[in-house]
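This is upload18.tsv. It holds TSV, C-alpha atoms and all ligand atoms.
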```
chain	number	residue	atom	x	y	z
A	405	MET	CA	205.94	-69.25	23.62
A	406	GLN	CA	204.82	-65.66	23.10
A	407	ASN	CA	202.10	-65.08	20.48
A	408	GLY	CA	202.04	-68.81	19.70
A	409	LEU	CA	198.39	-68.80	18.66
A	410	CYS	CA	198.77	-65.66	16.51
A	411	ASN	CA	201.82	-67.13	14.78
A	412	ALA	CA	199.99	-70.39	14.11
A	413	ILE	CA	197.07	-68.51	12.51
A	414	VAL	CA	199.29	-66.31	10.34
A	415	ASN	CA	201.55	-69.24	9.31
A	416	ASN	CA	198.45	-71.05	8.08
A	417	ASN	CA	197.39	-68.09	5.88
A	418	GLY	CA	194.94	-66.75	8.45
A	419	GLN	CA	194.44	-63.03	9.04
A	420	ILE	CA	193.93	-61.29	12.38
A	421	TYR	CA	192.07	-57.97	12.71
A	422	GLU	CA	192.31	-55.96	15.92
A	423	ASN	CA	189.98	-53.21	17.18
A	424	THR	CA	187.17	-54.63	15.04
A	425	LYS	CA	183.92	-54.95	16.94
A	426	VAL	CA	181.31	-57.40	15.66
A	427	TYR	CA	177.73	-56.13	15.83
A	428	ASP	CA	175.76	-58.90	14.14
A	429	VAL	CA	175.98	-62.23	12.37
A	430	ASN	CA	173.49	-63.01	9.59
A	431	SER	CA	172.84	-66.42	8.13
A	432	LYS	CA	172.98	-66.58	4.29
A	433	LEU	CA	172.37	-69.50	1.95
A	434	ASP	CA	175.95	-70.78	1.83
A	435	CYS	CA	177.77	-68.81	4.54
A	436	TYR	CA	177.50	-66.39	7.45
A	437	GLU	CA	177.95	-62.64	7.11
A	438	VAL	CA	179.70	-61.16	10.12
A	439	LYS	CA	179.03	-57.41	10.41
A	440	THR	CA	181.73	-55.30	12.00
A	441	ASN	CA	181.96	-51.55	12.54
A	442	GLU	CA	183.36	-51.07	9.03
A	443	HIS	CA	183.29	-54.32	7.11
A	444	THR	CA	181.35	-57.49	6.40
A	445	VAL	CA	183.25	-60.78	6.64
A	446	LYS	CA	181.88	-63.90	4.94
A	447	ALA	CA	182.65	-67.23	6.57
A	448	LYS	CA	181.48	-70.83	6.43
A	449	TYR	CA	182.14	-71.29	10.15
A	450	VAL	CA	181.75	-68.73	12.92
A	451	VAL	CA	182.85	-69.20	16.54
A	452	LEU	CA	181.26	-66.84	19.06
A	453	ALA	CA	184.06	-66.70	21.61
A	454	CYS	CA	183.10	-63.18	22.68
A	455	HIS	CA	182.39	-63.82	26.37
A	456	TYR	CA	178.58	-63.36	26.51
A	457	PRO	CA	177.01	-64.05	23.06
A	458	ILE	CA	175.80	-60.81	21.47
A	459	ILE	CA	173.11	-62.63	19.47
A	460	ASN	CA	169.85	-63.10	21.38
A	461	ASN	CA	167.77	-65.06	18.91
A	462	PRO	CA	168.29	-67.93	18.16
A	463	GLY	CA	170.34	-69.32	21.02
A	464	PHE	CA	168.44	-67.57	23.84
A	465	TYR	CA	171.52	-67.57	26.08
A	466	PHE	CA	170.02	-64.63	27.98
A	467	LEU	CA	167.55	-67.11	29.47
A	468	LYS	CA	170.25	-69.45	30.71
A	469	MET	CA	173.27	-67.43	31.78
A	470	TYR	CA	174.12	-64.54	34.12
A	471	GLN	CA	177.38	-62.82	35.09
A	472	GLU	CA	179.35	-62.46	38.30
A	473	THR	CA	181.88	-59.75	39.13
A	474	SER	CA	184.96	-60.70	41.13
A	475	TYR	CA	187.84	-58.61	42.42
A	476	LEU	CA	191.60	-59.09	42.26
A	477	ILE	CA	194.58	-57.48	43.87
A	478	GLY	CA	198.26	-57.87	43.02
A	479	PHE	CA	200.89	-57.40	45.73
A	480	THR	CA	204.52	-58.08	46.54
A	481	THR	CA	205.78	-59.48	49.84
A	482	SER	CA	209.09	-60.53	51.37
A	483	ALA	CA	207.51	-63.80	52.61
A	484	LYS	CA	208.57	-67.10	51.11
A	485	LEU	CA	206.23	-67.74	48.19
A	486	PHE	CA	204.53	-70.89	46.98
A	487	ASP	CA	204.15	-72.62	43.63
A	488	GLY	CA	200.83	-73.50	42.02
A	489	MET	CA	197.36	-72.02	42.36
A	490	TYR	CA	195.08	-72.34	45.37
A	491	ILE	CA	191.40	-71.76	46.05
A	492	ASN	CA	189.50	-72.44	49.25
A	493	THR	CA	186.24	-74.33	49.40
A	494	LYS	CA	184.54	-72.27	52.10
A	495	SER	CA	182.92	-68.88	51.84
A	496	PRO	CA	184.20	-66.21	51.35
A	497	ILE	CA	186.06	-67.73	48.42
A	498	CYS	CA	189.64	-66.62	47.97
A	499	SER	CA	192.11	-67.71	45.27
A	500	LEU	CA	195.90	-67.27	45.28
A	501	ARG	CA	198.58	-67.62	42.63
A	502	THR	CA	201.83	-65.90	41.68
A	503	VAL	CA	203.18	-64.49	38.41
A	504	PRO	CA	206.68	-63.25	37.48
A	505	TYR	CA	207.03	-59.50	38.19
A	506	ASN	CA	210.25	-57.62	37.40
A	507	ASP	CA	212.90	-59.54	39.37
A	508	THR	CA	210.43	-60.95	41.84
A	509	ARG	CA	206.93	-62.42	41.91
A	510	LEU	CA	203.56	-60.77	42.28
A	511	VAL	CA	200.92	-62.52	44.35
A	512	ILE	CA	197.45	-62.35	42.81
A	513	MET	CA	194.56	-62.76	45.20
A	514	GLY	CA	190.95	-62.97	43.95
A	515	GLY	CA	187.56	-63.09	45.61
A	516	ALA	CA	184.69	-60.90	46.92
A	517	GLU	CA	182.48	-61.99	44.02
A	518	HIS	CA	178.82	-61.02	43.63
A	519	LYS	CA	176.19	-61.18	40.92
A	520	THR	CA	176.79	-58.29	38.52
A	521	GLY	CA	174.21	-55.54	38.79
A	522	THR	CA	173.52	-55.94	42.50
A	523	SER	CA	172.21	-52.87	44.26
A	524	GLU	CA	174.36	-53.64	47.34
A	525	ASP	CA	177.05	-51.28	48.64
A	526	LEU	CA	180.28	-52.40	46.90
A	527	SER	CA	182.66	-49.91	48.45
A	528	ASN	CA	184.39	-52.54	50.63
A	529	CYS	CA	185.13	-55.16	47.95
A	530	TYR	CA	188.84	-54.30	47.61
A	531	ILE	CA	189.25	-53.41	51.28
A	532	ASN	CA	188.03	-56.87	52.36
A	533	LEU	CA	190.50	-58.55	49.98
A	534	GLU	CA	193.36	-56.33	51.13
A	535	ASN	CA	192.62	-57.13	54.78
A	536	ARG	CA	192.68	-60.83	53.94
A	537	ALA	CA	196.02	-60.40	52.12
A	538	LYS	CA	197.52	-58.65	55.16
A	539	GLU	CA	196.32	-61.43	57.46
A	540	LEU	CA	198.24	-63.94	55.34
A	541	PHE	CA	201.23	-61.70	54.39
A	542	SER	CA	201.69	-58.95	56.96
A	543	ASP	CA	203.97	-56.83	54.70
A	544	ALA	CA	201.77	-57.18	51.57
A	545	ASN	CA	202.43	-54.16	49.37
A	546	ILE	CA	199.28	-53.76	47.26
A	547	LEU	CA	200.22	-52.57	43.77
A	548	TYR	CA	197.23	-53.41	41.59
A	549	ARG	CA	193.44	-53.66	41.93
A	550	TRP	CA	190.96	-54.64	39.22
A	551	ASN	CA	187.72	-56.48	38.72
A	552	THR	CA	186.41	-58.77	36.05
A	553	GLU	CA	183.20	-60.45	34.95
A	554	ASP	CA	182.48	-64.10	34.33
A	555	CYS	CA	179.58	-65.82	32.64
A	556	ILE	CA	177.85	-68.51	34.70
A	557	SER	CA	175.39	-71.02	33.21
A	558	LEU	CA	172.35	-72.06	35.23
A	559	ASP	CA	173.70	-75.60	35.74
A	560	LYS	CA	177.29	-74.27	36.20
A	561	ILE	CA	178.59	-76.26	33.20
A	562	PRO	CA	180.01	-74.24	30.26
A	563	TYR	CA	178.24	-74.08	26.90
A	564	ILE	CA	180.59	-75.36	24.20
A	565	GLY	CA	179.59	-76.49	20.71
A	566	GLU	CA	176.91	-75.57	18.18
A	567	PHE	CA	175.35	-72.21	18.99
A	568	SER	CA	171.81	-73.44	18.27
A	569	ASN	CA	170.01	-76.18	16.39
A	570	MET	CA	169.12	-73.65	13.68
A	571	THR	CA	172.64	-72.40	12.94
A	572	PRO	CA	174.85	-75.22	11.60
A	573	GLY	CA	178.49	-74.11	11.40
A	574	MET	CA	178.06	-71.45	14.10
A	575	TYR	CA	179.70	-72.34	17.42
A	576	VAL	CA	179.82	-70.87	20.89
A	577	ALA	CA	182.19	-71.14	23.87
A	578	THR	CA	180.93	-69.41	26.99
A	579	GLY	CA	179.81	-69.84	30.62
A	580	PHE	CA	183.32	-70.74	31.81
A	581	LYS	CA	182.51	-69.88	35.47
A	582	LYS	CA	185.97	-68.34	36.03
A	583	TRP	CA	187.86	-71.39	34.68
A	584	GLY	CA	188.78	-69.76	31.39
A	585	MET	CA	192.40	-70.88	31.14
A	586	THR	CA	191.46	-74.55	31.15
A	587	THR	CA	187.99	-74.37	29.60
A	588	SER	CA	189.16	-72.33	26.61
A	589	ASN	CA	191.45	-75.25	25.73
A	590	VAL	CA	188.59	-77.70	26.09
A	591	SER	CA	186.46	-75.43	23.86
A	592	ALA	CA	189.14	-75.20	21.18
A	593	ASN	CA	189.42	-78.97	21.03
A	594	ILE	CA	185.68	-79.65	20.95
A	595	ILE	CA	184.93	-76.99	18.32
A	596	ALA	CA	187.94	-77.86	16.12
A	597	ASP	CA	186.95	-81.55	16.22
A	598	SER	CA	183.37	-80.70	15.31
A	599	ILE	CA	184.46	-78.61	12.31
A	600	MET	CA	186.83	-81.41	11.24
A	601	LYS	CA	183.95	-83.92	11.66
A	602	LYS	CA	185.83	-85.81	14.37
A	603	LYS	CA	184.19	-87.28	17.44
A	604	ASN	CA	185.16	-85.64	20.72
A	605	PRO	CA	184.51	-87.61	23.95
A	606	TYR	CA	183.62	-84.44	25.90
A	607	ALA	CA	181.26	-82.85	23.38
A	608	ASP	CA	178.07	-84.20	24.96
A	609	THR	CA	178.97	-83.02	28.46
A	610	PHE	CA	179.27	-79.38	27.34
A	611	LYS	CA	176.63	-79.48	24.60
A	612	SER	CA	175.42	-75.89	24.36
A	613	THR	CA	171.96	-76.73	23.04
A	614	ARG	CA	171.04	-78.78	26.10
A	615	PHE	CA	167.57	-78.06	27.37
A	616	HIS	CA	166.89	-75.58	30.17
A	617	PRO	CA	163.46	-74.66	31.41
A	618	ILE	CA	162.80	-70.92	31.11
A	619	GLN	CA	163.51	-69.63	34.61
A	620	ASN	CA	162.76	-65.99	34.21
A	621	GLY	CA	159.71	-65.05	32.18
A	622	THR	CA	160.30	-61.32	32.83
A	623	GLU	CA	163.46	-61.37	30.71
A	624	PHE	CA	161.59	-63.04	27.88
A	625	ILE	CA	158.89	-60.38	28.02
A	626	ASN	CA	161.57	-57.67	28.12
A	627	MET	CA	163.07	-59.09	24.94
A	628	LEU	CA	159.72	-58.95	23.20
A	629	LYS	CA	159.16	-55.36	24.36
A	630	GLN	CA	162.61	-54.22	23.35
A	631	THR	CA	161.86	-53.15	19.81
A	632	THR	CA	158.99	-50.96	20.88
A	633	GLN	CA	160.67	-49.48	23.94
A	634	SER	CA	162.19	-46.09	23.29
A	635	LEU	CA	165.51	-45.53	25.02
A	636	VAL	CA	165.74	-42.00	23.71
A	637	LEU	CA	164.96	-39.03	25.90
A	638	ASP	CA	166.74	-35.84	24.82
A	639	LYS	CA	165.93	-33.26	27.49
A	640	PHE	CA	164.29	-33.45	30.84
A	641	LYS	CA	163.17	-30.82	33.35
A	642	VAL	CA	164.25	-31.76	36.83
A	643	PRO	CA	163.44	-29.69	39.94
A	644	LYS	CA	166.59	-28.35	41.66
A	645	THR	CA	165.57	-30.05	44.90
A	646	THR	CA	165.65	-33.39	43.10
A	647	LEU	CA	169.15	-32.76	41.76
A	648	ASN	CA	170.29	-31.60	45.20
A	649	SER	CA	169.19	-34.96	46.61
A	650	VAL	CA	172.08	-36.58	44.68
A	651	SER	CA	175.34	-35.93	46.55
A	652	ARG	CA	178.76	-35.53	44.92
A	653	GLY	CA	180.22	-38.91	43.97
A	654	GLU	CA	176.78	-40.51	44.23
A	655	GLY	CA	174.52	-42.08	41.62
A	656	LYS	CA	170.90	-43.04	42.06
A	657	ILE	CA	167.59	-43.52	40.35
A	658	VAL	CA	165.13	-40.70	40.88
A	659	GLU	CA	161.56	-40.53	39.67
A	660	VAL	CA	160.29	-37.27	38.24
A	661	ASP	CA	156.66	-37.04	37.04
A	662	GLY	CA	156.52	-40.82	36.67
A	663	THR	CA	159.77	-41.06	34.65
A	664	LYS	CA	162.76	-42.82	36.15
A	665	LEU	CA	166.14	-41.18	35.60
A	666	GLY	CA	169.58	-42.46	36.55
A	667	ILE	CA	171.54	-39.45	37.84
A	668	TYR	CA	175.21	-39.34	38.80
A	669	CYS	CA	176.91	-36.29	40.32
A	670	ASP	CA	180.70	-36.18	39.93
A	671	ASN	CA	183.10	-34.77	42.53
A	672	ASP	CA	183.00	-31.34	40.84
A	673	GLY	CA	179.20	-31.16	41.07
A	674	ASN	CA	178.43	-31.96	37.39
A	675	TYR	CA	175.31	-34.04	36.80
A	676	TYR	CA	175.00	-36.87	34.25
A	677	ALA	CA	171.56	-38.32	33.58
A	678	LEU	CA	170.34	-41.23	31.49
A	679	LYS	CA	167.35	-43.48	31.28
A	680	PRO	CA	168.41	-46.41	33.51
A	681	VAL	CA	167.26	-49.02	31.04
A	682	CYS	CA	169.73	-51.57	29.70
A	683	SER	CA	170.25	-51.39	25.93
A	684	HIS	CA	170.48	-55.19	25.76
A	685	LEU	CA	166.98	-56.32	26.73
A	686	GLY	CA	165.57	-53.48	28.77
A	687	CYS	CA	166.16	-54.41	32.44
A	688	GLU	CA	166.50	-51.60	34.97
A	689	LEU	CA	170.13	-50.72	35.80
A	690	SER	CA	171.66	-50.36	39.28
A	691	PHE	CA	174.35	-47.85	40.19
A	692	ASN	CA	177.70	-49.39	41.15
A	693	ASN	CA	179.08	-47.09	43.84
A	694	LEU	CA	182.61	-48.54	43.59
A	695	ASP	CA	183.31	-48.14	39.87
A	696	LYS	CA	180.69	-45.40	39.25
A	697	THR	CA	179.03	-47.44	36.52
A	698	TRP	CA	175.45	-48.43	35.72
A	699	ASP	CA	175.21	-52.24	35.88
A	700	CYS	CA	172.50	-54.59	34.69
A	701	PRO	CA	171.29	-57.32	37.08
A	702	CYS	CA	169.86	-59.48	34.27
A	703	HIS	CA	172.90	-60.51	32.20
A	704	GLY	CA	175.65	-58.24	33.47
A	705	SER	CA	176.05	-55.48	30.87
A	706	ARG	CA	177.76	-52.43	32.31
A	707	PHE	CA	177.79	-48.77	31.23
A	708	SER	CA	179.90	-45.81	32.24
A	709	TYR	CA	178.07	-42.92	33.93
A	710	THR	CA	178.15	-41.22	30.53
A	711	GLY	CA	176.26	-44.18	29.03
A	712	LYS	CA	179.13	-45.86	27.16
A	713	SER	CA	178.70	-49.63	26.83
A	714	LEU	CA	181.60	-51.26	28.72
A	715	TYR	CA	180.69	-54.94	29.00
A	716	ASP	CA	178.76	-57.36	26.83
A	717	PRO	CA	176.14	-58.61	26.04
A	718	SER	CA	175.06	-55.01	25.37
A	719	ILE	CA	176.75	-53.51	22.33
A	720	LYS	CA	174.87	-50.21	22.29
A	721	ASP	CA	175.59	-47.07	24.32
A	722	ILE	CA	172.84	-45.27	26.25
A	723	ASP	CA	172.30	-41.60	25.36
A	724	LEU	CA	172.82	-38.97	28.01
A	725	ILE	CA	169.84	-36.73	28.72
A	726	GLU	CA	170.27	-33.00	28.97
A	727	LEU	CA	168.99	-31.84	32.33
A	728	VAL	CA	167.16	-28.56	32.53
A	729	ASP	CA	166.87	-27.04	36.01
A	730	GLU	CA	163.35	-26.27	37.12
A	731	ASP	CA	163.25	-23.96	40.09
A	801	LIG	S1	168.97	-56.74	29.84
A	801	LIG	FE1	170.52	-58.16	29.35
A	801	LIG	S2	172.31	-57.31	30.15
A	801	LIG	FE2	170.78	-55.91	30.59
```
Can you present the structure in this file as structure tokens?
Amino acid sequence: MQNGLCNAIVNNNGQIYENTKVYDVNSKLDCYEVKTNEHTVKAKYVVLACHYPIINNPGFYFLKMYQETSYLIGFTTSAKLFDGMYINTKSPICSLRTVPYNDTRLVIMGGAEHKTGTSEDLSNCYINLENRAKELFSDANILYRWNTEDCISLDKIPYIGEFSNMTPGMYVATGFKKWGMTTSNVSANIIADSIMKKKNPYADTFKSTRFHPIQNGTEFINMLKQTTQSLVLDKFKVPKTTLNSVSRGEGKIVEVDGTKLGIYCDNDGNYYALKPVCSHLGCELSFNNLDKTWDCPCHGSRFSYTGKSLYDPSIKDIDLIELVDED
């Protein structure tokens, strides 16, 4: 049924707002105030089903969850197709399923995953998948390529339920580890039951406030430093030789007079520079040479080479720096 969930919400006097980004949620005496780009929404219950939670404290999900990027291709073939979904158990992992496509079916193959923000060369991620597809279906006609990010908890079990012990009525559903189609249903049932004060037999398994030892003290220190760390740098003098060390189509971190800059040179020779510091909690960004983005190895935020925030948990852009040539 198309739009089944939307229809159910509207038929029960609910309202849906699109293109409305939430920036913060504040706890008040008798409700929560959800701040969006233009409005404030008051609610007794709030469900953070926004992929990676954008609230750092309380909750501290940044200490117990990272993100992985995986790649997908969609192709047609004249081979006899299969029903169902398949995934292998050995490395490299590869998943296969089909979806209706015009008068035929499109095969979707996924794999080539890595931790988001790696500094490895990513240029072969699609090529490796395409080669695999052609091994299995020699006439595979590749029509689509895309990549996606998934949240992974440290113990690999999703976090579903109360967001923290200090925020009654605020819920979270995250860390699905690529099993979103099934786990989102589990989440909906657990959270709905909790709001309705019903017991759910799976609630304890996914309890989101379960204890984790702090694994990475650096991230905690970064969070504490964040408020004092300036991300703003308006202009910067860079010697021409330094700029010339960045080739067309390349991005890299260069150090000038003790300051690290992230510089990308597009195919027309235009330079884009920013401070390669993540606007979430201040980790150093890596350049992704496949998508030409700046990616964060800590929790997986991603930014375009112009500094625009593309993926959560970051919700803030990074300002571009004006480069001034110094001969
Ligand atoms: S510091 Fe958290 S995503 Fe970058």
Report as a list in words which protein, DNA and RNA residues come within 9 Å of ligand LIG 801 (chain A), using all atoms listed in the file. Phe466, Tyr470, Gln471, Gly521, Glu623, Asn626, Met627, Val681, Cys682, Ser683, His684, Leu685, Gly686, Cys687, Glu688, Leu689, Asp699, Cys700, Pro701, Cys702, His703, Gly704, Ser705, Arg706, Tyr715, Asp716, Pro717 and Ser718 of chain A
Mind checking which residues fall within 8 Å of Phe707 of chain A, counting all atoms listed in the file, ignoring those fewer than 3 positions away in the same chain, and posting them as a PyMOL selection string? chain A and resi 697-699+710-715+721-722
Using atom CA of Trp583 of chain A and atom CA of Ser568 of chain A as the two end points, give the distance in Å to one decimal. 23.0 Å
Please, what distance in Å, to one decimal, runs between atom CA of Thr646 of chain A and atom CA of Leu665 of chain A?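 Separation of atom CA of Thr646 of chain A and atom CA of Leu665 of chain A: 10.8 Å.
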Expected axis-aligned box over every listed atom of segment 510-515 of chain A, 4 Å added per side, centre plus edges in Å to one decimal, as lines of an AutoDock Vina configuration file:
```
center_x = 195.6
center_y = -61.9
center_z = 43.9
size_x = 24.0
size_y = 10.3
size_z = 11.3
```
